[in-house]
$ cat structure24.cif   # mmCIF, C-alpha atoms
data_input
#
loop_
_atom_site.group_PDB
_atom_site.id
_atom_site.type_symbol
_atom_site.label_atom_id
_atom_site.label_comp_id
_atom_site.auth_asym_id
_atom_site.auth_seq_id
_atom_site.Cartn_x
_atom_site.Cartn_y
_atom_site.Cartn_z
ATOM 1 C CA MET W 1 -20.016 16.498 77.132
ATOM 2 C CA MET W 2 -18.894 20.078 76.567
ATOM 3 C CA ILE W 3 -15.816 21.349 78.394
ATOM 4 C CA PRO W 4 -16.083 25.055 79.402
ATOM 5 C CA VAL W 5 -13.571 27.297 77.626
ATOM 6 C CA PHE W 6 -12.251 30.741 78.543
ATOM 7 C CA ASP W 7 -10.642 32.958 75.884
ATOM 8 C CA GLY W 8 -8.874 36.111 77.104
ATOM 9 C CA HIS W 9 -8.633 37.590 73.593
ATOM 10 C CA ASN W 10 -10.211 41.003 74.119
ATOM 11 C CA ASP W 11 -10.487 42.792 70.753
ATOM 12 C CA PHE W 12 -14.152 42.955 71.622
ATOM 13 C CA LEU W 13 -13.541 45.665 74.221
ATOM 14 C CA GLN W 14 -12.389 48.028 71.481
ATOM 15 C CA ARG W 15 -15.589 47.375 69.525
ATOM 16 C CA VAL W 16 -17.778 48.056 72.584
ATOM 17 C CA VAL W 17 -16.044 51.367 73.298
ATOM 18 C CA ALA W 18 -16.283 52.402 69.628
ATOM 19 C CA ALA W 19 -20.018 51.542 69.616
ATOM 20 C CA GLY W 20 -20.637 54.146 72.332
ATOM 21 C CA PRO W 21 -24.173 53.953 73.740
ATOM 22 C CA ASP W 22 -24.849 50.810 71.668
ATOM 23 C CA GLY W 23 -21.980 48.948 73.349
ATOM 24 C CA LEU W 24 -24.234 47.076 75.775
ATOM 25 C CA ARG W 25 -26.570 45.995 72.973
ATOM 26 C CA LEU W 26 -23.570 44.868 70.940
ATOM 27 C CA TRP W 27 -22.481 42.664 73.857
ATOM 28 C CA LEU W 28 -25.911 41.258 74.739
ATOM 29 C CA GLU W 29 -27.316 40.720 71.239
ATOM 30 C CA GLY W 30 -24.309 40.640 68.920
ATOM 31 C CA ASP W 31 -24.417 42.138 65.446
ATOM 32 C CA GLY W 32 -22.876 39.448 63.268
ATOM 33 C CA THR W 33 -19.478 41.149 63.104
ATOM 34 C CA GLY W 34 -16.320 40.524 65.059
ATOM 35 C CA GLN W 35 -15.568 37.315 66.894
ATOM 36 C CA LEU W 36 -16.944 37.732 70.410
ATOM 37 C CA ASP W 37 -20.334 38.621 71.821
ATOM 38 C CA LEU W 38 -22.446 36.980 74.491
ATOM 39 C CA PRO W 39 -24.672 34.910 72.139
ATOM 40 C CA ARG W 40 -21.648 33.489 70.278
ATOM 41 C CA MET W 41 -19.782 32.779 73.487
ATOM 42 C CA ARG W 42 -22.759 30.931 74.982
ATOM 43 C CA ALA W 43 -23.275 28.932 71.797
ATOM 44 C CA GLY W 44 -19.599 27.956 71.831
ATOM 45 C CA GLY W 45 -19.596 26.867 75.474
ATOM 46 C CA MET W 46 -17.321 29.677 76.686
ATOM 47 C CA VAL W 47 -17.376 30.672 80.343
#

$ encode --input "structure24.cif" --output "structure tokens"
Amino acid sequence: MMIPVFDGHNDFLQRVVAAGPDGLRLWLEGDGTGQLDLPRMRAGGMV
């Protein structure tokens, strides 16, 4: 059984802002850099 995890570490917000118009894509699809994006969070059981 997986226990849901929340991580409030928000370096990701800086990456989204720096990405400009691609920020939403960076969040939804990830790009293989950094530590947080939606696909990695889902795979890790984060909520």

$ atom_distance --input "structure24.cif" --atom1 "atom CA of Phe12 of chain W" --atom2 "atom CA of Leu36 of chain W"
6.0 Å

$ residues_around --input "structure24.cif" --residues "segment 13-17 of chain W" --least-positions-apart "4" --cutoff "8 Å" --atoms "only C-alpha atoms" --output "list of chain:residue names"
W:Asp22, W:Gly23, W:Leu24, W:Leu26, W:Trp27

$ atom_distance --input "structure24.cif" --atom1 "atom CA of Gly34 of chain W" --atom2 "atom CA of Met2 of chain W"
23.6 Å

$ atom_distance --input "structure24.cif" --atom1 "atom CA of Leu28 of chain W" --atom2 "atom CA of Ile3 of chain W"
22.6 Å

$ resolve_selection --input "structure24.cif" --expression "the PyMOL selection byres ((chain W and resi 39) around 8)" --output "list in words"
Leu28, Glu29, Gly30, Asp37, Leu38, Arg40, Met41, Arg42 and Ala43 of chain W

$ decode --input "structure24.cif" --residues "segment 12-45 of chain W" --atoms "N, CA, C and O atoms" --output "PDB file, in the first residue's frame"
ATOM      1  N   PHE W  12      10.441  24.371  -7.775  1.00  0.00           N
ATOM      2  CA  PHE W  12       9.804  24.214  -9.072  1.00  0.00           C
ATOM      3  C   PHE W  12       9.150  25.504  -9.560  1.00  0.00           C
ATOM      4  O   PHE W  12       9.166  25.800 -10.746  1.00  0.00           O
ATOM      5  N   LEU W  13       8.580  26.270  -8.647  1.00  0.00           N
ATOM      6  CA  LEU W  13       7.909  27.512  -9.037  1.00  0.00           C
ATOM      7  C   LEU W  13       8.865  28.455  -9.763  1.00  0.00           C
ATOM      8  O   LEU W  13       8.478  29.117 -10.727  1.00  0.00           O
ATOM      9  N   GLN W  14      10.096  28.504  -9.336  1.00  0.00           N
ATOM     10  CA  GLN W  14      11.090  29.347 -10.004  1.00  0.00           C
ATOM     11  C   GLN W  14      11.340  28.867 -11.429  1.00  0.00           C
ATOM     12  O   GLN W  14      11.488  29.661 -12.346  1.00  0.00           O
ATOM     13  N   ARG W  15      11.369  27.553 -11.613  1.00  0.00           N
ATOM     14  CA  ARG W  15      11.590  26.995 -12.956  1.00  0.00           C
ATOM     15  C   ARG W  15      10.421  27.305 -13.877  1.00  0.00           C
ATOM     16  O   ARG W  15      10.604  27.606 -15.056  1.00  0.00           O
ATOM     17  N   VAL W  16       9.179  27.227 -13.358  1.00  0.00           N
ATOM     18  CA  VAL W  16       8.001  27.510 -14.169  1.00  0.00           C
ATOM     19  C   VAL W  16       8.004  28.968 -14.617  1.00  0.00           C
ATOM     20  O   VAL W  16       7.751  29.267 -15.786  1.00  0.00           O
ATOM     21  N   VAL W  17       8.291  29.877 -13.705  1.00  0.00           N
ATOM     22  CA  VAL W  17       8.326  31.301 -14.047  1.00  0.00           C
ATOM     23  C   VAL W  17       9.412  31.559 -15.090  1.00  0.00           C
ATOM     24  O   VAL W  17       9.188  32.250 -16.083  1.00  0.00           O
ATOM     25  N   ALA W  18      10.592  30.971 -14.901  1.00  0.00           N
ATOM     26  CA  ALA W  18      11.700  31.172 -15.836  1.00  0.00           C
ATOM     27  C   ALA W  18      11.376  30.591 -17.214  1.00  0.00           C
ATOM     28  O   ALA W  18      11.872  31.085 -18.230  1.00  0.00           O
ATOM     29  N   ALA W  19      10.534  29.561 -17.274  1.00  0.00           N
ATOM     30  CA  ALA W  19      10.189  28.926 -18.550  1.00  0.00           C
ATOM     31  C   ALA W  19       9.220  29.776 -19.362  1.00  0.00           C
ATOM     32  O   ALA W  19       8.999  29.513 -20.546  1.00  0.00           O
ATOM     33  N   GLY W  20       8.624  30.789 -18.731  1.00  0.00           N
ATOM     34  CA  GLY W  20       7.702  31.672 -19.453  1.00  0.00           C
ATOM     35  C   GLY W  20       6.510  30.919 -19.993  1.00  0.00           C
ATOM     36  O   GLY W  20       5.881  30.155 -19.271  1.00  0.00           O
ATOM     37  N   PRO W  21       6.209  31.095 -21.295  1.00  0.00           N
ATOM     38  CA  PRO W  21       5.027  30.457 -21.882  1.00  0.00           C
ATOM     39  C   PRO W  21       5.068  28.926 -21.840  1.00  0.00           C
ATOM     40  O   PRO W  21       4.039  28.283 -21.934  1.00  0.00           O
ATOM     41  N   ASP W  22       6.258  28.349 -21.682  1.00  0.00           N
ATOM     42  CA  ASP W  22       6.373  26.887 -21.611  1.00  0.00           C
ATOM     43  C   ASP W  22       6.197  26.352 -20.190  1.00  0.00           C
ATOM     44  O   ASP W  22       6.335  25.156 -19.951  1.00  0.00           O
ATOM     45  N   GLY W  23       5.894  27.246 -19.242  1.00  0.00           N
ATOM     46  CA  GLY W  23       5.762  26.821 -17.850  1.00  0.00           C
ATOM     47  C   GLY W  23       4.705  25.757 -17.639  1.00  0.00           C
ATOM     48  O   GLY W  23       4.923  24.796 -16.913  1.00  0.00           O
ATOM     49  N   LEU W  24       3.555  25.891 -18.277  1.00  0.00           N
ATOM     50  CA  LEU W  24       2.490  24.900 -18.123  1.00  0.00           C
ATOM     51  C   LEU W  24       2.921  23.550 -18.684  1.00  0.00           C
ATOM     52  O   LEU W  24       2.710  22.508 -18.053  1.00  0.00           O
ATOM     53  N   ARG W  25       3.561  23.554 -19.832  1.00  0.00           N
ATOM     54  CA  ARG W  25       4.059  22.298 -20.413  1.00  0.00           C
ATOM     55  C   ARG W  25       5.089  21.662 -19.491  1.00  0.00           C
ATOM     56  O   ARG W  25       5.089  20.445 -19.273  1.00  0.00           O
ATOM     57  N   LEU W  26       5.964  22.476 -18.933  1.00  0.00           N
ATOM     58  CA  LEU W  26       6.977  21.976 -18.007  1.00  0.00           C
ATOM     59  C   LEU W  26       6.321  21.262 -16.832  1.00  0.00           C
ATOM     60  O   LEU W  26       6.760  20.200 -16.409  1.00  0.00           O
ATOM     61  N   TRP W  27       5.229  21.831 -16.313  1.00  0.00           N
ATOM     62  CA  TRP W  27       4.513  21.219 -15.195  1.00  0.00           C
ATOM     63  C   TRP W  27       3.813  19.931 -15.610  1.00  0.00           C
ATOM     64  O   TRP W  27       3.925  18.903 -14.960  1.00  0.00           O
ATOM     65  N   LEU W  28       3.077  19.980 -16.722  1.00  0.00           N
ATOM     66  CA  LEU W  28       2.248  18.843 -17.130  1.00  0.00           C
ATOM     67  C   LEU W  28       3.046  17.674 -17.682  1.00  0.00           C
ATOM     68  O   LEU W  28       2.689  16.519 -17.468  1.00  0.00           O
ATOM     69  N   GLU W  29       4.123  17.959 -18.416  1.00  0.00           N
ATOM     70  CA  GLU W  29       4.868  16.910 -19.108  1.00  0.00           C
ATOM     71  C   GLU W  29       6.224  16.624 -18.495  1.00  0.00           C
ATOM     72  O   GLU W  29       6.783  15.551 -18.711  1.00  0.00           O
ATOM     73  N   GLY W  30       6.786  17.591 -17.770  1.00  0.00           N
ATOM     74  CA  GLY W  30       8.148  17.438 -17.269  1.00  0.00           C
ATOM     75  C   GLY W  30       9.136  17.588 -18.406  1.00  0.00           C
ATOM     76  O   GLY W  30       8.765  17.592 -19.577  1.00  0.00           O
ATOM     77  N   ASP W  31      10.406  17.733 -18.060  1.00  0.00           N
ATOM     78  CA  ASP W  31      11.436  17.821 -19.105  1.00  0.00           C
ATOM     79  C   ASP W  31      12.701  17.072 -18.718  1.00  0.00           C
ATOM     80  O   ASP W  31      13.729  17.201 -19.357  1.00  0.00           O
ATOM     81  N   GLY W  32      12.623  16.296 -17.647  1.00  0.00           N
ATOM     82  CA  GLY W  32      13.777  15.505 -17.232  1.00  0.00           C
ATOM     83  C   GLY W  32      14.784  16.267 -16.383  1.00  0.00           C
ATOM     84  O   GLY W  32      15.803  15.717 -16.000  1.00  0.00           O
ATOM     85  N   THR W  33      14.497  17.545 -16.094  1.00  0.00           N
ATOM     86  CA  THR W  33      15.398  18.313 -15.242  1.00  0.00           C
ATOM     87  C   THR W  33      14.668  18.660 -13.952  1.00  0.00           C
ATOM     88  O   THR W  33      13.459  18.526 -13.850  1.00  0.00           O
ATOM     89  N   GLY W  34      15.383  19.147 -12.988  1.00  0.00           N
ATOM     90  CA  GLY W  34      14.763  19.522 -11.732  1.00  0.00           C
ATOM     91  C   GLY W  34      14.280  18.299 -10.969  1.00  0.00           C
ATOM     92  O   GLY W  34      14.576  17.164 -11.323  1.00  0.00           O
ATOM     93  N   GLN W  35      13.516  18.563  -9.916  1.00  0.00           N
ATOM     94  CA  GLN W  35      13.067  17.467  -9.061  1.00  0.00           C
ATOM     95  C   GLN W  35      11.562  17.283  -9.036  1.00  0.00           C
ATOM     96  O   GLN W  35      11.085  16.216  -8.666  1.00  0.00           O
ATOM     97  N   LEU W  36      10.801  18.307  -9.403  1.00  0.00           N
ATOM     98  CA  LEU W  36       9.349  18.192  -9.338  1.00  0.00           C
ATOM     99  C   LEU W  36       8.694  18.528 -10.667  1.00  0.00           C
ATOM    100  O   LEU W  36       9.057  19.494 -11.318  1.00  0.00           O
ATOM    101  N   ASP W  37       7.770  17.719 -11.070  1.00  0.00           N
ATOM    102  CA  ASP W  37       6.830  17.989 -12.146  1.00  0.00           C
ATOM    103  C   ASP W  37       5.695  16.995 -11.941  1.00  0.00           C
ATOM    104  O   ASP W  37       5.819  16.061 -11.147  1.00  0.00           O
ATOM    105  N   LEU W  38       4.585  17.220 -12.581  1.00  0.00           N
ATOM    106  CA  LEU W  38       3.410  16.391 -12.334  1.00  0.00           C
ATOM    107  C   LEU W  38       3.655  14.900 -12.604  1.00  0.00           C
ATOM    108  O   LEU W  38       3.300  14.065 -11.770  1.00  0.00           O
ATOM    109  N   PRO W  39       4.295  14.504 -13.721  1.00  0.00           N
ATOM    110  CA  PRO W  39       4.516  13.077 -13.937  1.00  0.00           C
ATOM    111  C   PRO W  39       5.373  12.431 -12.839  1.00  0.00           C
ATOM    112  O   PRO W  39       5.073  11.327 -12.391  1.00  0.00           O
ATOM    113  N   ARG W  40       6.417  13.137 -12.380  1.00  0.00           N
ATOM    114  CA  ARG W  40       7.256  12.550 -11.322  1.00  0.00           C
ATOM    115  C   ARG W  40       6.512  12.484  -9.999  1.00  0.00           C
ATOM    116  O   ARG W  40       6.674  11.525  -9.239  1.00  0.00           O
ATOM    117  N   MET W  41       5.708  13.497  -9.729  1.00  0.00           N
ATOM    118  CA  MET W  41       4.964  13.492  -8.469  1.00  0.00           C
ATOM    119  C   MET W  41       3.936  12.351  -8.462  1.00  0.00           C
ATOM    120  O   MET W  41       3.799  11.656  -7.470  1.00  0.00           O
ATOM    121  N   ARG W  42       3.242  12.165  -9.568  1.00  0.00           N
ATOM    122  CA  ARG W  42       2.271  11.065  -9.637  1.00  0.00           C
ATOM    123  C   ARG W  42       2.960   9.712  -9.488  1.00  0.00           C
ATOM    124  O   ARG W  42       2.477   8.838  -8.777  1.00  0.00           O
ATOM    125  N   ALA W  43       4.077   9.550 -10.172  1.00  0.00           N
ATOM    126  CA  ALA W  43       4.807   8.280 -10.101  1.00  0.00           C
ATOM    127  C   ALA W  43       5.301   8.004  -8.682  1.00  0.00           C
ATOM    128  O   ALA W  43       5.376   6.845  -8.262  1.00  0.00           O
ATOM    129  N   GLY W  44       5.609   9.054  -7.937  1.00  0.00           N
ATOM    130  CA  GLY W  44       6.102   8.892  -6.577  1.00  0.00           C
ATOM    131  C   GLY W  44       5.020   8.842  -5.520  1.00  0.00           C
ATOM    132  O   GLY W  44       5.315   8.718  -4.334  1.00  0.00           O
ATOM    133  N   GLY W  45       3.755   8.961  -5.911  1.00  0.00           N
ATOM    134  CA  GLY W  45       2.657   8.872  -4.968  1.00  0.00           C
ATOM    135  C   GLY W  45       2.404  10.158  -4.201  1.00  0.00           C
ATOM    136  O   GLY W  45       1.749  10.140  -3.162  1.00  0.00           O
TER     137      GLY W  45
END
